[in-house]
Amino acid sequence: MWRNRATVEMPNRSLRFIVLLLRQAGDIVDKDTLIDTLWPDQDVSDWSLSRLVSDTRQLLGDTVQDQRYIQTIRNKGFRWNPQLPTEPAEAPVPPSVSIAAKARSGWSRAGVAAVLVLATIGTVLALRPRFA
């Protein structure tokens with residue numbers, strides 16, 4: 001994944017968390033489902049999920065105050081922001097080319113970052129086997 005022209009390593013569990021949210025297309029994914037899917041056959045607390053959400057938001061450049069990508073639905077779970085597209089761009093473009101081209105056309109940095117994140121996630125989704 002790229003953010004601000006730099007490569008960002010995405011831990012497997014964070015990637016799987018994003019994939020689960022994207023597959024629900026804006027629907028709420030409850031905490032129990034997330035814990036059972038992301039930590040199969042393990043006994044973990046809500047704190048582990050909270051830590052994962054926080055770390056993943058940080059990787060995406062998101063915050064609990066903004067919730068641009070991952071939204072917390074109090075006492076229910078989480079969802080991918082339904083206002084954002086869930087379909088990836090046609091093909092990811094190297095960030096140096098993409099950001100320069102988009103900047104010339106008047107796109108904001110946040111818009112470019114969102115496109116890059118979604119394109120990267122889409123590419124990974126297309127290349128990885130389906131998660132249970």
# chains A, B, ... in the order shown; residues from 1 in each chain; ligands from 1
>>> residues_around(residues="A:Leu38", least_positions_apart="5", cutoff="10 Å", atoms="only C-alpha atoms", output="mmCIF file with C-alpha atoms, in the first residue's frame")
data_model
loop_
_atom_site.group_PDB
_atom_site.id
_atom_site.type_symbol
_atom_site.label_atom_id
_atom_site.label_comp_id
_atom_site.auth_asym_id
_atom_site.auth_seq_id
_atom_site.Cartn_x
_atom_site.Cartn_y
_atom_site.Cartn_z
ATOM 1 C CA ASN A 12 -1.955 -9.530 7.323
ATOM 2 C CA ARG A 13 -4.599 -9.164 10.032
ATOM 3 C CA SER A 14 -5.152 -5.476 9.147
ATOM 4 C CA ARG A 16 -7.999 -9.181 6.385
ATOM 5 C CA PHE A 17 -9.948 -6.717 8.554
ATOM 6 C CA LEU A 20 -14.036 -8.159 5.672
ATOM 7 C CA ASP A 32 -18.103 -11.231 17.408
ATOM 8 C CA THR A 33 -17.879 -11.944 13.681
ATOM 9 C CA LEU A 49 -10.010 -5.856 18.218
ATOM 10 C CA LEU A 52 -6.380 -3.776 15.470
ATOM 11 C CA PHE A 131 -10.801 -15.685 3.308
ATOM 12 C CA ALA A 132 -13.185 -17.873 5.286
#
>>> closest_residue(among="A:Tyr69, A:Gly77, A:Gln24, A:Asp36", to="A:Ser50", atoms="only C-alpha atoms")
A:Gly77
>>> atom_distance(atom1="atom CA of A:Thr72", atom2="atom CA of A:Pro40")
22.2 Å
>>> closest_residue(among="A:Lys31, A:Glu9, A:Asn81, A:Thr56", to="A:Val44", atoms="only C-alpha atoms")
A:Lys31
>>> residues_around(residues="A:Asp30", least_positions_apart="2", cutoff="10 Å", atoms="only C-alpha atoms", output="list of chain:residue names")
A:Asp27, A:Ile28, A:Asp32, A:Thr33, A:Leu34, A:Ile35, A:Ile73, A:Asn75, A:Lys76, A:Gly77, A:Phe78, A:Arg79
>>> write_last_selection(atoms="N, CA and C atoms", output="PDB file, in the first residue's frame")
ATOM      1  N   ASP A  27     -22.302  -2.447   5.084  1.00  0.00           N
ATOM      2  CA  ASP A  27     -23.074  -3.029   6.184  1.00  0.00           C
ATOM      3  C   ASP A  27     -22.191  -3.146   7.424  1.00  0.00           C
ATOM      4  N   ILE A  28     -22.816  -3.193   8.570  1.00  0.00           N
ATOM      5  CA  ILE A  28     -22.086  -3.318   9.834  1.00  0.00           C
ATOM      6  C   ILE A  28     -21.612  -4.756  10.014  1.00  0.00           C
ATOM      7  N   ASP A  32     -18.272  -9.777  17.277  1.00  0.00           N
ATOM      8  CA  ASP A  32     -18.103 -11.231  17.408  1.00  0.00           C
ATOM      9  C   ASP A  32     -17.661 -11.856  16.082  1.00  0.00           C
ATOM     10  N   THR A  33     -18.269 -11.426  14.995  1.00  0.00           N
ATOM     11  CA  THR A  33     -17.879 -11.944  13.681  1.00  0.00           C
ATOM     12  C   THR A  33     -16.434 -11.599  13.380  1.00  0.00           C
ATOM     13  N   LEU A  34     -16.038 -10.369  13.666  1.00  0.00           N
ATOM     14  CA  LEU A  34     -14.658  -9.956  13.418  1.00  0.00           C
ATOM     15  C   LEU A  34     -13.683 -10.789  14.257  1.00  0.00           C
ATOM     16  N   ILE A  35     -13.975 -10.947  15.533  1.00  0.00           N
ATOM     17  CA  ILE A  35     -13.070 -11.711  16.403  1.00  0.00           C
ATOM     18  C   ILE A  35     -13.002 -13.168  15.958  1.00  0.00           C
ATOM     19  N   ILE A  73     -19.636   1.827  14.690  1.00  0.00           N
ATOM     20  CA  ILE A  73     -21.065   1.908  14.960  1.00  0.00           C
ATOM     21  C   ILE A  73     -21.245   1.459  16.409  1.00  0.00           C
ATOM     22  N   ASN A  75     -21.741   0.110  19.941  1.00  0.00           N
ATOM     23  CA  ASN A  75     -22.387  -1.096  20.482  1.00  0.00           C
ATOM     24  C   ASN A  75     -22.820  -2.103  19.418  1.00  0.00           C
ATOM     25  N   LYS A  76     -22.348  -1.941  18.181  1.00  0.00           N
ATOM     26  CA  LYS A  76     -22.726  -2.872  17.117  1.00  0.00           C
ATOM     27  C   LYS A  76     -21.514  -3.456  16.403  1.00  0.00           C
ATOM     28  N   GLY A  77     -20.600  -2.615  15.969  1.00  0.00           N
ATOM     29  CA  GLY A  77     -19.447  -3.111  15.232  1.00  0.00           C
ATOM     30  C   GLY A  77     -18.810  -2.024  14.381  1.00  0.00           C
ATOM     31  N   PHE A  78     -18.358  -2.427  13.200  1.00  0.00           N
ATOM     32  CA  PHE A  78     -17.636  -1.511  12.317  1.00  0.00           C
ATOM     33  C   PHE A  78     -18.120  -1.698  10.894  1.00  0.00           C
ATOM     34  N   ARG A  79     -17.877  -0.688  10.062  1.00  0.00           N
ATOM     35  CA  ARG A  79     -18.172  -0.801   8.642  1.00  0.00           C
ATOM     36  C   ARG A  79     -17.224   0.099   7.867  1.00  0.00           C
TER      37      ARG A  79
END
